[in-house]
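Listing of target-v1.pdb, PDB, C-alpha atoms
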ATOM      1  CA  MET A   1      51.781 135.553  76.651
ATOM      2  CA  SER A   2      54.568 136.169  74.128
ATOM      3  CA  HIS A   3      56.485 133.546  72.323
ATOM      4  CA  ILE A   4      59.548 134.090  74.578
ATOM      5  CA  GLU A   5      57.445 133.667  77.730
ATOM      6  CA  SER A   6      55.967 130.473  76.409
ATOM      7  CA  VAL A   7      59.495 129.117  75.761
ATOM      8  CA  ASP A   8      60.934 130.128  79.146
ATOM      9  CA  PRO A   9      58.536 131.640  81.702
ATOM     10  CA  SER A  10      61.488 132.807  83.875
ATOM     11  CA  LEU A  11      62.451 135.368  81.259
ATOM     12  CA  SER A  12      59.358 137.441  81.988
ATOM     13  CA  THR A  13      60.280 138.086  85.620
ATOM     14  CA  ALA A  14      62.662 140.993  84.905
ATOM     15  CA  PRO A  15      61.603 144.365  83.536
ATOM     16  CA  GLY A  16      62.060 144.520  79.809
ATOM     17  CA  GLY A  17      61.239 140.883  79.317
ATOM     18  CA  TYR A  18      64.846 139.593  79.262
ATOM     19  CA  GLY A  19      65.022 138.078  82.734
ATOM     20  CA  GLY A  20      68.159 136.819  84.392
ATOM     21  CA  PRO A  21      70.949 134.848  82.812
ATOM     22  CA  PRO A  22      70.508 131.123  82.512
ATOM     23  CA  PRO A  23      72.100 128.992  85.239
ATOM     24  CA  GLY A  24      75.914 128.787  84.990
ATOM     25  CA  TYR A  25      76.169 131.712  82.605
ATOM     26  CA  GLY A  26      78.044 134.935  83.348
ATOM     27  CA  GLY A  27      79.866 133.825  86.497
ATOM     28  CA  PRO A  28      83.379 132.487  86.939
ATOM     29  CA  PRO A  29      83.788 128.761  86.529
ATOM     30  CA  PRO A  30      84.007 126.702  89.701
ATOM     31  CA  GLY A  31      87.408 126.963  91.364
ATOM     32  CA  TYR A  32      88.410 130.093  89.442
ATOM     33  CA  GLY A  33      89.880 132.910  91.527
ATOM     34  CA  GLY A  34      89.974 130.931  94.721
ATOM     35  CA  ALA A  35      92.591 128.842  96.450
ATOM     36  CA  PRO A  36      93.865 125.966  94.304
ATOM     37  CA  PRO A  37      93.200 122.395  95.394
ATOM     38  CA  GLY A  38      95.557 121.297  98.149
ATOM     39  CA  GLY A  39      96.146 124.798  99.512
ATOM     40  CA  GLY A  40      98.100 127.751  98.191
ATOM     41  CA  TYR A  41      97.380 131.406  97.681
ATOM     42  CA  ALA A  42      93.961 132.815  96.789
ATOM     43  CA  GLY A  43      93.659 133.930  93.176
ATOM     44  CA  GLY A  44      96.276 131.478  91.927
ATOM     45  CA  TYR A  45      98.876 134.189  91.419
ATOM     46  CA  GLY A  46     101.348 133.428  94.257
ATOM     47  CA  PRO A  47     101.764 135.226  97.588
ATOM     48  CA  PRO A  48     100.464 138.749  98.174
ATOM     49  CA  GLY A  49     102.577 141.538  96.765
ATOM     50  CA  GLY A  50     103.625 139.652  93.650
ATOM     51  CA  MET A  51     106.617 137.966  95.318
ATOM     52  CA  PRO A  52     107.556 134.467  94.148
ATOM     53  CA  PRO A  53     106.813 131.615  96.513
ATOM     54  CA  PRO A  54     109.636 130.659  98.888
ATOM     55  CA  PRO A  55     111.844 127.681  97.937
ATOM     56  CA  PRO A  56     111.307 124.390  99.720
ATOM     57  CA  PRO A  57     113.362 123.774 102.870
ATOM     58  CA  GLY A  58     116.947 122.763 102.200
ATOM     59  CA  PHE A  59     116.904 124.010  98.595
ATOM     60  CA  GLY A  60     119.548 126.414  97.338
ATOM     61  CA  GLY A  61     121.585 126.641 100.555
ATOM     62  CA  MET A  62     124.079 124.719 102.613
ATOM     63  CA  GLY A  63     121.871 124.322 105.653
ATOM     64  CA  PRO A  64     122.997 124.653 109.258
ATOM     65  CA  GLY A  65     125.706 122.000 108.906
ATOM     66  CA  GLY A  66     127.817 123.704 106.235
ATOM     67  CA  ASP A  67     129.240 121.877 103.200
ATOM     68  CA  PRO A  68     131.064 118.690 104.287
ATOM     69  CA  THR A  69     132.564 118.122 100.836
ATOM     70  CA  TYR A  70     134.120 121.580 100.764
ATOM     71  CA  ALA A  71     135.378 121.269 104.355
ATOM     72  CA  ALA A  72     136.877 117.808 103.774
ATOM     73  CA  SER A  73     138.756 119.049 100.709
ATOM     74  CA  LYS A  74     140.125 122.013 102.685
ATOM     75  CA  VAL A  75     141.416 120.067 105.703
ATOM     76  CA  LYS A  76     142.721 117.041 103.788
ATOM     77  CA  ALA A  77     146.051 118.423 102.561
ATOM     78  CA  PRO A  78     147.313 120.024 105.817
ATOM     79  CA  ALA A  79     146.064 117.110 107.918
ATOM     80  CA  ILE A  80     147.778 114.434 105.784
ATOM     81  CA  THR A  81     151.050 116.383 105.620
ATOM     82  CA  MET A  82     151.112 116.920 109.376
ATOM     83  CA  LEU A  83     150.225 113.241 109.916
ATOM     84  CA  ILE A  84     153.284 112.193 107.918
ATOM     85  CA  CYS A  85     155.539 114.559 109.871
ATOM     86  CA  SER A  86     154.113 113.359 113.196
ATOM     87  CA  ALA A  87     154.621 109.715 112.228
ATOM     88  CA  ILE A  88     158.251 110.448 111.315
ATOM     89  CA  GLY A  89     158.624 112.194 114.662
ATOM     90  CA  VAL A  90     157.357 109.127 116.537
ATOM     91  CA  LEU A  91     159.820 106.886 114.705
ATOM     92  CA  LEU A  92     162.714 109.221 115.488
ATOM     93  CA  GLN A  93     161.712 109.362 119.153
ATOM     94  CA  LEU A  94     161.607 105.569 119.338
ATOM     95  CA  VAL A  95     165.066 105.317 117.755
ATOM     96  CA  SER A  96     166.375 107.905 120.215
ATOM     97  CA  LEU A  97     164.789 105.997 123.087
ATOM     98  CA  ALA A  98     166.525 102.786 122.024
ATOM     99  CA  MET A  99     169.848 104.588 121.710
ATOM    100  CA  ASN A 100     169.424 106.140 125.170
ATOM    101  CA  ILE A 101     168.644 102.774 126.704
ATOM    102  CA  LEU A 102     171.629 101.172 124.971
ATOM    103  CA  GLY A 103     173.951 104.074 125.747
ATOM    104  CA  THR A 104     172.960 104.179 129.406
ATOM    105  CA  GLY A 105     173.563 100.455 129.753
ATOM    106  CA  LEU A 106     176.978 100.638 128.090
ATOM    107  CA  SER A 107     178.017 103.664 130.109
ATOM    108  CA  ALA A 108     176.984 102.021 133.355
ATOM    109  CA  ALA A 109     178.889  98.856 132.456
ATOM    110  CA  GLY A 110     182.081 100.555 131.272
ATOM    111  CA  SER A 111     182.383 103.481 133.697
ATOM    112  CA  SER A 112     184.733 103.105 136.621
ATOM    113  CA  GLY A 113     184.030 106.330 138.475
ATOM    114  CA  SER A 114     180.808 106.701 140.421
ATOM    115  CA  SER A 115     180.368 110.336 139.363
ATOM    116  CA  ASP A 116     180.724 109.496 135.653
ATOM    117  CA  GLN A 117     178.351 106.576 136.041
ATOM    118  CA  PHE A 118     175.768 108.753 137.827
ATOM    119  CA  ALA A 119     176.021 111.509 135.174
ATOM    120  CA  ALA A 120     175.591 109.005 132.337
ATOM    121  CA  LEU A 121     172.670 107.372 134.130
ATOM    122  CA  MET A 122     170.910 110.680 134.731
ATOM    123  CA  SER A 123     171.501 111.817 131.174
ATOM    124  CA  GLY A 124     170.139 108.576 129.831
ATOM    125  CA  VAL A 125     167.143 108.521 132.164
ATOM    126  CA  VAL A 126     166.219 112.104 131.376
ATOM    127  CA  GLY A 127     166.561 111.405 127.668
ATOM    128  CA  MET A 128     164.379 108.289 127.919
ATOM    129  CA  VAL A 129     161.682 110.134 129.857
ATOM    130  CA  PHE A 130     161.685 112.896 127.270
ATOM    131  CA  ASN A 131     161.496 110.346 124.434
ATOM    132  CA  VAL A 132     158.495 108.639 126.034
ATOM    133  CA  ILE A 133     156.669 111.929 126.625
ATOM    134  CA  ALA A 134     157.382 113.155 123.095
ATOM    135  CA  SER A 135     156.181 109.853 121.626
ATOM    136  CA  LEU A 136     152.935 110.025 123.594
ATOM    137  CA  VAL A 137     152.351 113.617 122.508
ATOM    138  CA  SER A 138     153.044 112.717 118.880
ATOM    139  CA  GLY A 139     150.600 109.811 119.173
ATOM    140  CA  PHE A 140     147.974 112.194 120.513
ATOM    141  CA  CYS A 141     148.664 114.545 117.593
ATOM    142  CA  ILE A 142     148.194 111.695 115.123
ATOM    143  CA  PHE A 143     144.869 110.829 116.751
ATOM    144  CA  GLY A 144     143.724 114.476 116.649
ATOM    145  CA  LEU A 145     144.779 114.904 113.016
ATOM    146  CA  LEU A 146     142.815 111.794 112.059
ATOM    147  CA  LYS A 147     139.783 113.350 113.747
ATOM    148  CA  MET A 148     140.451 116.530 111.791
ATOM    149  CA  MET A 149     140.393 114.609 108.500
ATOM    150  CA  LYS A 150     137.010 113.128 109.479
ATOM    151  CA  LEU A 151     135.648 116.557 110.530
ATOM    152  CA  GLN A 152     135.175 115.358 114.100
ATOM    153  CA  SER A 153     136.003 117.202 117.344
ATOM    154  CA  ARG A 154     137.203 120.630 116.263
ATOM    155  CA  GLY A 155     138.720 121.321 119.704
ATOM    156  CA  LEU A 156     140.795 118.126 119.555
ATOM    157  CA  SER A 157     141.942 119.097 116.062
ATOM    158  CA  TYR A 158     143.096 122.495 117.330
ATOM    159  CA  ALA A 159     145.002 120.873 120.203
ATOM    160  CA  ALA A 160     146.731 118.399 117.887
ATOM    161  CA  VAL A 161     147.809 121.113 115.463
ATOM    162  CA  ILE A 162     149.156 123.392 118.214
ATOM    163  CA  LEU A 163     151.054 120.588 119.977
ATOM    164  CA  SER A 164     152.622 119.551 116.663
ATOM    165  CA  MET A 165     154.044 123.057 116.300
ATOM    166  CA  ILE A 166     155.879 123.020 119.677
ATOM    167  CA  PRO A 167     159.614 122.302 119.143
ATOM    168  CA  CYS A 168     160.220 120.106 122.206
ATOM    169  CA  PHE A 169     157.321 117.749 121.386
ATOM    170  CA  GLY A 170     158.152 116.815 117.824
ATOM    171  CA  ALA A 171     161.239 115.999 115.808
ATOM    172  CA  CYS A 172     159.658 117.530 112.687
ATOM    173  CA  TRP A 173     158.470 120.727 114.343
ATOM    174  CA  CYS A 174     160.367 122.848 111.784
ATOM    175  CA  LEU A 175     158.040 121.446 109.114
ATOM    176  CA  ASN A 176     154.980 121.354 111.334
ATOM    177  CA  LEU A 177     155.320 125.044 112.205
ATOM    178  CA  PRO A 178     154.309 126.425 108.765
ATOM    179  CA  LEU A 179     151.978 123.485 108.209
ATOM    180  CA  GLY A 180     150.304 124.212 111.537
ATOM    181  CA  VAL A 181     149.716 127.829 110.583
ATOM    182  CA  TRP A 182     148.101 126.601 107.375
ATOM    183  CA  ALA A 183     145.933 124.142 109.310
ATOM    184  CA  LEU A 184     144.830 126.816 111.801
ATOM    185  CA  VAL A 185     143.769 129.093 108.947
ATOM    186  CA  VAL A 186     141.762 126.242 107.426
ATOM    187  CA  LEU A 187     140.116 125.420 110.769
ATOM    188  CA  ALA A 188     139.085 129.072 111.127
ATOM    189  CA  ASP A 189     137.129 128.949 107.845
ATOM    190  CA  PRO A 190     133.413 129.492 108.707
ATOM    191  CA  GLN A 191     132.222 126.688 106.425
ATOM    192  CA  VAL A 192     134.794 124.306 107.907
ATOM    193  CA  LYS A 193     133.663 125.276 111.416
ATOM    194  CA  GLN A 194     130.036 124.468 110.620
ATOM    195  CA  SER A 195     130.947 121.093 109.110
ATOM    196  CA  PHE A 196     132.588 119.701 112.264
ATOM    197  CA  THR A 197     130.461 117.297 114.296
TER     198      THR A 197
END
Written as C-alpha cells, how would this file's structure read?
Amino acid sequence: MSHIESVDPSLSTAPGGYGGPPPGYGGPPPGYGGAPPGGGYAGGYGPPGGMPPPPPPGFGGMGPGGDPTYAASKVKAPAITMLICSAIGVLLQLVSLAMNILGTGLSAAGSSGSSDQFAALMSGVVGMVFNVIASLVSGFCIFGLLKMMKLQSRGLSYAAVILSMIPCFGACWCLNLPLGVWALVVLADPQVKQSFT
C-alpha cells in the first residue's frame, strides 16, 4: 500500500490512484444556480429571455381610477366660475319674483278696467311661474356643479353644465355659455372621466 493509500484509502478506488474529489469540492455551493429563497426565477438572473422583472402592482401608473389630483385641478376653475354665475342668477330670479308679486298686487289694486286687471294678473302670474322654475333649475345647477367639483356623478355634472347654458333658465347664461363649453371640454378629458366616482 502506498503512502497516499494509507492516508486516504478512498483515493485508490479510481484508476491512476487519484480517486474522486473530496466531499464538497468541485460542485456549486448550496443554493447556487437555483431559485432564490422565497421564490423567484431559477438561476438568479431574472425572468427568461433577459427581461427585467415586472414592477409591483400600482407602481408607475395611474391605476384604473385615473389621477384625482389632476382631475380636481382641471374641473375646479370652470366649476367655481359657473357656480358664481348660477348663484347670481338665483338672486336675480328672486328679485324678479318679488317685483312680479309686488307689481301684480299694485296693478290689481289700482286698475279700474277688468281687461287691464286680467292682463296685469296674467303677466304677473306667468312671470312668477317662470321665476320659480328658473330658480329651481339654477339650484339644481348649483348642486350639480358642486358634485362636479367633488368628482362625483359625471352625468349630473353634464346636466348641470348644459342647463346653465340655456338662456331661458339662467340670468347669466351669456357668461355660462362660453364657460359651459370650457367645462364640457374638461369633462371629456379621459383622465377626468376615469376619476369620477
Give me, as a tab-separated table, each residue of range 66-102 of chain A that comes within 6 Å of range 142-158 of chain A, together with its shortest interatomic pair and the distance in Å at one decimal, counting all atoms listed in the file, with rows ordered by chain and rising residue number.
residue	atom	partner	partner_atom	distance
A:Lys76	CA	A:Met149	CA	5.8
A:Ala79	CA	A:Leu145	CA	5.7
A:Leu83	CA	A:Ile142	CA	5.8
Legend entry - Point-to-point distance in Å for CA of Cys172 in chain A and CA of Gly103 in chain A: 23.6 Å
Inset, instruction - Give me, please, the distance in Å between CA of Cys141 in chain A and CA of Gly89 in chain A, quoted to one decimal. - result: 10.6 Å
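Taking all atoms listed in the file into account, Ala72 in chain A lies nearest to A:Val186 out of the set A:Val186, A:Cys174, A:Val125, A:Cys85.
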Legend entry - d(CA of Ser164 in chain A, CA of Asn176 in chain A) in Å: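 Value for the CA of Ser164 in chain A-CA of Asn176 in chain A distance: 6.1 Å.
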Legend entry - Residue members of the PyMOL selection byres ((chain A and resi 127) around 12) in the file shown, as a PyMOL selection string: chain A and resi 93-104+120-126+128-134
Inset, instruction - Pull out every residue that the PyMOL selection byres ((chain A and resi 162) around 12) matches in the shown coordinates and put them as number ranges by chain. - result: A: 82, 137-138, 140-141, 144-145, 155-161, 163-167, 169-170, 173, 176-184, 187
Inset, instruction - Would you mind listing what lies within 8 Å of Ala71 in chain A as a list in words, with only C-alpha atoms counted and same-chain residues fewer than 6 positions away left out? - result: Leu151, Gln191, Val192 and Ser195 of chain A
Show me, as lines of an AutoDock Vina configuration file, the centre and edge lengths in Å to one decimal of the axis-aligned box that covers every listed atom of range 164-181 of chain A with 4 Å on each side.
center_x = 155.5
center_y = 121.9
center_z = 115.2
size_x = 19.5
size_y = 19.8
size_z = 22.0
Atoms kept (N, CA, C and O atoms) for range 130-148 of chain A, as a compact mmCIF listing (two decimals), in the first residue's frame:
# COMPACT_ATOMS: atom_id res chain seq x y z
N PHE A 130 -92.40 81.59 -14.09
CA PHE A 130 -91.09 81.48 -14.76
C PHE A 130 -89.96 81.71 -13.76
O PHE A 130 -88.94 81.02 -13.80
N ASN A 131 -90.12 82.68 -12.86
CA ASN A 131 -89.08 82.94 -11.86
C ASN A 131 -88.86 81.74 -10.95
O ASN A 131 -87.73 81.41 -10.60
N VAL A 132 -89.95 81.09 -10.55
CA VAL A 132 -89.83 79.92 -9.68
C VAL A 132 -89.12 78.78 -10.40
O VAL A 132 -88.22 78.13 -9.86
N ILE A 133 -89.54 78.53 -11.65
CA ILE A 133 -88.91 77.44 -12.42
C ILE A 133 -87.43 77.73 -12.64
O ILE A 133 -86.57 76.85 -12.46
N ALA A 134 -87.11 78.95 -13.01
CA ALA A 134 -85.70 79.31 -13.26
C ALA A 134 -84.88 79.20 -11.98
O ALA A 134 -83.72 78.77 -12.01
N SER A 135 -85.47 79.56 -10.84
CA SER A 135 -84.73 79.44 -9.58
C SER A 135 -84.47 77.99 -9.22
O SER A 135 -83.38 77.64 -8.74
N LEU A 136 -85.47 77.13 -9.45
CA LEU A 136 -85.28 75.70 -9.18
C LEU A 136 -84.21 75.10 -10.09
O LEU A 136 -83.38 74.30 -9.64
N VAL A 137 -84.23 75.49 -11.35
CA VAL A 137 -83.23 74.97 -12.29
C VAL A 137 -81.83 75.46 -11.89
O VAL A 137 -80.86 74.70 -11.92
N SER A 138 -81.73 76.72 -11.51
CA SER A 138 -80.43 77.25 -11.08
C SER A 138 -79.95 76.54 -9.81
O SER A 138 -78.76 76.27 -9.66
N GLY A 139 -80.88 76.24 -8.90
CA GLY A 139 -80.50 75.48 -7.71
C GLY A 139 -79.99 74.09 -8.05
O GLY A 139 -79.01 73.60 -7.46
N PHE A 140 -80.66 73.45 -9.03
CA PHE A 140 -80.17 72.14 -9.49
C PHE A 140 -78.79 72.26 -10.11
O PHE A 140 -77.92 71.40 -9.90
N CYS A 141 -78.55 73.33 -10.86
CA CYS A 141 -77.24 73.53 -11.48
C CYS A 141 -76.17 73.72 -10.42
O CYS A 141 -75.05 73.20 -10.55
N ILE A 142 -76.49 74.46 -9.36
CA ILE A 142 -75.52 74.65 -8.28
C ILE A 142 -75.19 73.31 -7.64
O ILE A 142 -74.02 73.00 -7.36
N PHE A 143 -76.21 72.49 -7.41
CA PHE A 143 -75.98 71.17 -6.82
C PHE A 143 -75.10 70.31 -7.73
O PHE A 143 -74.15 69.65 -7.27
N GLY A 144 -75.39 70.31 -9.04
CA GLY A 144 -74.60 69.52 -9.98
C GLY A 144 -73.17 70.02 -10.10
O GLY A 144 -72.23 69.21 -10.21
N LEU A 145 -72.97 71.33 -10.04
CA LEU A 145 -71.61 71.88 -10.13
C LEU A 145 -70.81 71.56 -8.87
O LEU A 145 -69.59 71.37 -8.94
N LEU A 146 -71.48 71.51 -7.72
CA LEU A 146 -70.78 71.09 -6.51
C LEU A 146 -70.34 69.63 -6.61
O LEU A 146 -69.24 69.26 -6.18
N LYS A 147 -71.20 68.79 -7.20
CA LYS A 147 -70.82 67.40 -7.44
C LYS A 147 -69.65 67.32 -8.41
O LYS A 147 -68.76 66.47 -8.28
N MET A 148 -69.64 68.20 -9.40
CA MET A 148 -68.54 68.22 -10.36
C MET A 148 -67.23 68.55 -9.68
O MET A 148 -66.18 67.95 -9.97
